[in-house]
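Below: the structure, in structure tokens.
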Amino acid sequence: MNSLKHERKFGFESWDKEKINKVFSFAQDYKYFISENKTEREVVKTLRRIVEKQGFVEIDAKDYTQNKPKKVFKVNRDKSIVLGIFGKKPVKEGIKMVLSHIDSPRIDLKPHPLYENEKIAWFKTQYYGGIKKYQWPAMPLAIHGVVVLENGQKVEIKFGEKEDEPVLTITDLLPHLSAKQMEKKLEEAVEAEEMNVVVGSVPTSNSKLKTLNSKSEEGKDLVKLGVLELLNKKYGIIEEDLVSADLEIVPAGKARDLGFDSSMIGGYGQDDRVCAFTSLQALLSLDEEKLGQGVVLVFADKEETGSESNTGSLSSFIPDFISEMLFLEEGKHDENLLRDCLSATKAISADVTVAYDPDYTSVFDPQNTARLGAGIAVEKYCGRRGKSGTSEASAEYLGEIRRIFNKKAVLWQTGGLGKVDLGGGGTIAVFLARHNMDVVDAGPPILSMHSPFEISSKIDVYSCFEAYQAFLSS
Ligand SMILES: [Zn+2]
């Protein structure tokens with residue numbers, strides 16, 4: 001019989017050396033993944049490369065009525081991607097789904113970003129997702145994204161990441177003159193319109209540009225022109241091209257081991273690329289021949305801004321993909337078959353949760369908050385106040401998840417988003433639940449969540465891999 005009392009277990013206390021070695025080597029690959037893939041587009045590009053090598057076929061690339069592929073994928077506008085593997089059971093009887101998101105809180109450029117002020121060139125920005133604005137000034141920043149030229153050509157930009165490459169930054173006020181700023185509420189200390197990025201200070205030396213410019217106003221905007229000249233030389237773009245661009249400002253540099261013992265990982269964008277990476281590894285580890293139910297992995301965009309937009313989870317691309325899978329199996333698109341499949345589907349909304357932080361005890365219910373290093377955190381519900389706006393998993397589904405995890409000795413705990421009535425938040429689970437599928441949130445606890453330097457435990461990263469693997473193969 002299991003012990004009468006239920007107590008939280010910690011991986012570093014209960015796992016043997018062999019397992020800890022696996023945990024550390026898994027973390028190396030994870031660190032590399034989040035260092036190299038800081039935007040949704042970069043994740044999609046990398047995933048496409050990986051799954052194509054593994055034999056996944058783009059679902060509507062050709063007519064498969066004769067020869068149905070076993071593994072399929074679909075990329076949605078280079079910003080979200082869905083992977084599927086057929087099992088022995090027909091898709092219409094339901095599938096297993098793990099859904100994570102691959103966008104992270106960051107700072108985007110405004111459509112008309114570049115200007116010059118006091119002989120310095122700047123980018124105007126608008127933040128994306130839930131950030132604490134004061135965390136972003138006075139640190140090295142990089143810019144990632146794409147610019148689409150008028151002729152449709154796409155130019156990729158990734159600047160500020162290489163060791164010998166310059167970086168960008170947002171300024172902050174020196175303490176000596178900050179008396180007024182220091183009196184402000186933290187939320188207003190750095191205002192959104194003050195989050196301008198320093199991008200250059202050398203005026204153009206091009207005499208032709210100078211003459212052209214001087215016709216309007218002598219000596220004006222020569223530094224801005226200097227920057228435009230460099231951008232043109234490096235990327236072949238002009239100022240108007242910045243209108244048709246997705247350019248994201250993110251912390252520069254790689255994710256790092258954290259602590260004298262290297263037990264943790266510090267880095268940007270772990271929410272939610274930790275779930276993207278671990279669920280992908282879980283999928284790739286499956287024995288396809290033994291798969292009972294089909295499995296689908298979704299990597300969604302726009303979670304941090306409410307899942308709207310055509311690449312967010314509220315778009316029809318998720319059911320559309322499943323409909324394509326049904327088509328390959330049944331030879332027809334049929335709304336009823338799709339409904340049957342969705343309502344019989346079991347899902348995990350794979351997203352991070354908060355880890356208990358002993359420096360801020362007043363916001364947590366200690367008994368119901370996940371701990372760093374105690375495994376994947378399962379959340380029955382999140383939401384605000386009286387469970388408002390949440391998707392609550394049923395007792396039956398939690399029972400099933402618990403059974404699956406325990407059978408494979410997955411290290412798991414429960415999590416919750418702090419004390420009732422103090423705040424709250426939501427995940428994609430609600431949008432999956434709208435399709436009438438069973439869904440529960442499960443992901444690793446994170447310290448300093450949504451900051452430029454989030455902290456995870458290597459134990460929890462590995463536990464997520466094991467948990468998603470157990471779920472997908474159950
Ligand atoms: Zn998240």
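Starting from 1 in every chain, residues are counted up; chains themselves are A, B, ... following the order of the structure tokens, and ligands are numbered from 1 as listed.
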
Original post:
When the cut-off is 10 Å and you count only C-alpha atoms and all ligand atoms, which residues lie near ligand 1, shown as a list in words?
Top reply: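 Using only C-alpha atoms and all ligand atoms, I find these residues within 10 Å of ligand 1: Ser100, His101, Ile102, Asp103, Ser104, Pro105, Gly269, Gln270, Asp271, Asp272, Arg273, Val274, Cys275, Glu303, Glu304, Ser349, Ala350, Asp351, Val352, Thr353, Gly425, Gly426, Thr427, Ile428, Gly443, Met449 and His450 of chain A.
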
Subject >> Residue neighbourhood stretch 125-127 of chain A, 7 Å, only C-alpha atoms, exclusion window fewer than 4 positions, as a VMD selection string >> reply: chain A and resid 106 to 110 113 192 195 to 196

Expected file contents, prior selection, C-alpha atoms, as an mmCIF file, in the first residue's frame:
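Output below, filename result-v6.cif:
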data_model
loop_
_atom_site.group_PDB
_atom_site.id
_atom_site.type_symbol
_atom_site.label_atom_id
_atom_site.label_comp_id
_atom_site.auth_asym_id
_atom_site.auth_seq_id
_atom_site.Cartn_x
_atom_site.Cartn_y
_atom_site.Cartn_z
ATOM 1 C CA ARG A 106 9.418 40.390 -25.111
ATOM 2 C CA ILE A 107 9.610 43.854 -26.643
ATOM 3 C CA ASP A 108 8.431 44.356 -30.233
ATOM 4 C CA LEU A 109 9.291 47.213 -32.577
ATOM 5 C CA LYS A 110 6.514 49.616 -33.510
ATOM 6 C CA PRO A 113 10.304 52.508 -35.161
ATOM 7 C CA ALA A 192 6.158 51.936 -22.021
ATOM 8 C CA MET A 195 11.372 51.799 -23.550
ATOM 9 C CA ASN A 196 13.241 53.021 -26.592
#

Original post:
Within 10 Å of A:Arg384, counting only C-alpha atoms, which residues qualify if same-chain residues fewer than 5 places away don't, as an MDAnalysis selection string?
Top reply: chainID A and resid 389:390 417 419:426

Original post:
Got a sec to tell me which of stretch 380-448 of chain A DSSP assigns to strand (DSSP E), as a PyMOL selection string?
Top reply: chain A and resi 383-384+412-414+424-425+438-443+445-446

Subject >> Selected residue of minimal separation from A:Lys162 among A:Gly253, A:Gly375, A:Gly145, A:Gly416, counting only C-alpha atoms >> reply: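 Checking each candidate against A:Lys162, we get A:Gly253 as the closest.
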
Polymer residues at most 8 Å from A:Lys38, only C-alpha atoms, same-chain spacing of 4 or more positions, as an mmCIF file with C-alpha atoms, in the first residue's frame:
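Writing the result to out.cif gives the following:
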data_model
loop_
_atom_site.group_PDB
_atom_site.id
_atom_site.type_symbol
_atom_site.label_atom_id
_atom_site.label_comp_id
_atom_site.auth_asym_id
_atom_site.auth_seq_id
_atom_site.Cartn_x
_atom_site.Cartn_y
_atom_site.Cartn_z
ATOM 1 C CA ILE A 34 16.542 27.770 -25.737
ATOM 2 C CA GLU A 42 13.108 30.227 -34.805
ATOM 3 C CA VAL A 43 11.437 27.376 -32.912
ATOM 4 C CA HIS A 144 15.460 38.749 -33.897
ATOM 5 C CA VAL A 250 15.018 39.826 -26.518
ATOM 6 C CA TYR A 268 15.229 33.781 -21.301
ATOM 7 C CA GLY A 269 12.027 32.291 -22.715
#

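The space between atom CA of A:Lys332 and atom CA of A:Val295 spans 20.0 Å.
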
**OP:** Calculate how many Å separate atom CA of A:Met182 from atom CA of A:Tyr134, rounding to one decimal.
**Re:** 11.4 Å

**OP:** Excluding A:Ser323 and residues on its chain fewer than 2 positions from it, collect all residues at most 10 Å away from it, counting only C-alpha atoms, and give them as a count of residues only.
**Re:** 22

**OP:** Find the residues around A:Asp60 up to 10 Å (only C-alpha atoms counted), leave out those fewer than 3 positions away in its own chain, and share them as a PyMOL selection string.
**Re:** chain A and resi 57+63-64+72-74+321+324-325+328

Keeping only N, CA and C atoms, write the selected residues to a file as an mmCIF file, in the first residue's frame.
data_model
loop_
_atom_site.group_PDB
_atom_site.id
_atom_site.type_symbol
_atom_site.label_atom_id
_atom_site.label_comp_id
_atom_site.auth_asym_id
_atom_site.auth_seq_id
_atom_site.Cartn_x
_atom_site.Cartn_y
_atom_site.Cartn_z
ATOM 1 N N VAL A 57 6.097 14.053 -42.708
ATOM 2 C CA VAL A 57 5.765 14.571 -44.029
ATOM 3 C C VAL A 57 4.779 15.719 -43.879
ATOM 4 N N ASP A 63 -1.050 14.214 -52.605
ATOM 5 C CA ASP A 63 -2.193 13.339 -52.382
ATOM 6 C C ASP A 63 -1.702 11.981 -51.851
ATOM 7 N N TYR A 64 -2.149 11.629 -50.629
ATOM 8 C CA TYR A 64 -1.636 10.411 -50.007
ATOM 9 C C TYR A 64 -2.649 9.272 -49.996
ATOM 10 N N VAL A 72 3.102 13.041 -39.656
ATOM 11 C CA VAL A 72 2.791 14.227 -40.460
ATOM 12 C C VAL A 72 3.003 15.510 -39.644
ATOM 13 N N PHE A 73 3.156 16.615 -40.354
ATOM 14 C CA PHE A 73 3.245 17.912 -39.675
ATOM 15 C C PHE A 73 2.673 18.995 -40.562
ATOM 16 N N LYS A 74 2.373 20.127 -39.943
ATOM 17 C CA LYS A 74 1.934 21.287 -40.707
ATOM 18 C C LYS A 74 2.443 22.553 -40.028
ATOM 19 N N PHE A 321 -5.958 20.726 -38.640
ATOM 20 C CA PHE A 321 -4.906 19.718 -38.781
ATOM 21 C C PHE A 321 -5.463 18.324 -38.487
ATOM 22 N N GLU A 324 -7.391 17.090 -41.273
ATOM 23 C CA GLU A 324 -6.505 16.565 -42.327
ATOM 24 C C GLU A 324 -6.082 15.136 -42.002
ATOM 25 N N MET A 325 -5.778 14.890 -40.723
ATOM 26 C CA MET A 325 -5.396 13.530 -40.323
ATOM 27 C C MET A 325 -6.564 12.573 -40.565
ATOM 28 N N LEU A 328 -6.877 11.684 -44.191
ATOM 29 C CA LEU A 328 -5.928 10.666 -44.647
ATOM 30 C C LEU A 328 -6.430 9.267 -44.300
#

Original post:
Can you tell me, as a VMD selection string, what residues are no more than 12 Å from A:Ala409 when counting only C-alpha atoms, ignoring any on the same chain fewer than 4 positions away?
Top reply: chain A and resid 9 11 14 to 15 375 to 376 402 to 405 463 466 to 467 469 to 470

**OP:** Can you list, as a PyMOL selection string, all residues belonging to stretch 83-289 of chain A that DSSP tags as alpha helix (DSSP H)?
**Re:** chain A and resi 179-183+186-189+207-214+222-235+270-284

**OP:** Select, from A:Phe26, A:Asp359, A:Met97, A:Ile446, the residue with the minimum atom-to-atom distance to A:Ala429, counting only C-alpha atoms.
**Re:**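 For A:Ala429, the nearest of the given residues is A:Met97.
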
Original post:
In terms of the shortest atom-to-atom distance over only C-alpha atoms, which of A:Leu99, A:Leu411, A:Ala138, A:Ile157 is closest to A:Arg41?
Top reply: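 The shortest atom-to-atom distance to A:Arg41 comes from A:Ile157.
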
Original post:
Which residue, A:Trp136, A:Phe10, A:Ser35, A:Pro69, has the smallest gap to A:Val410 when you use only C-alpha atoms?
Top reply: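 Distance minimum relative to A:Val410 lands on A:Phe10.
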
Sort by chain and increasing residue number a table of all residues of stretch 277-377 of chain A within 7 Å of stretch 431-436 of chain A, each with its closest pair of atoms and their distance in Å to one decimal, counting only C-alpha atoms, and write it as CSV.
residue,atom,partner,partner_atom,distance
A:Ser313,CA,A:Phe431,CA,7.0
A:Leu314,CA,A:Phe431,CA,6.6
A:Leu342,CA,A:His435,CA,6.0
A:Ser343,CA,A:Asn436,CA,4.8

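Distances from A:Asp78, A:Glu150, A:Asp460, A:Asp340 to A:Leu372 were compared using only C-alpha atoms, and the smallest one belongs to A:Asp460.
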
Original post:
Between A:Thr46, A:Gln54, A:Thr169, A:Ser80, which is the closest to A:Lys302 once you count only C-alpha atoms?
Top reply: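 For A:Lys302, the nearest of the given residues is A:Ser80.
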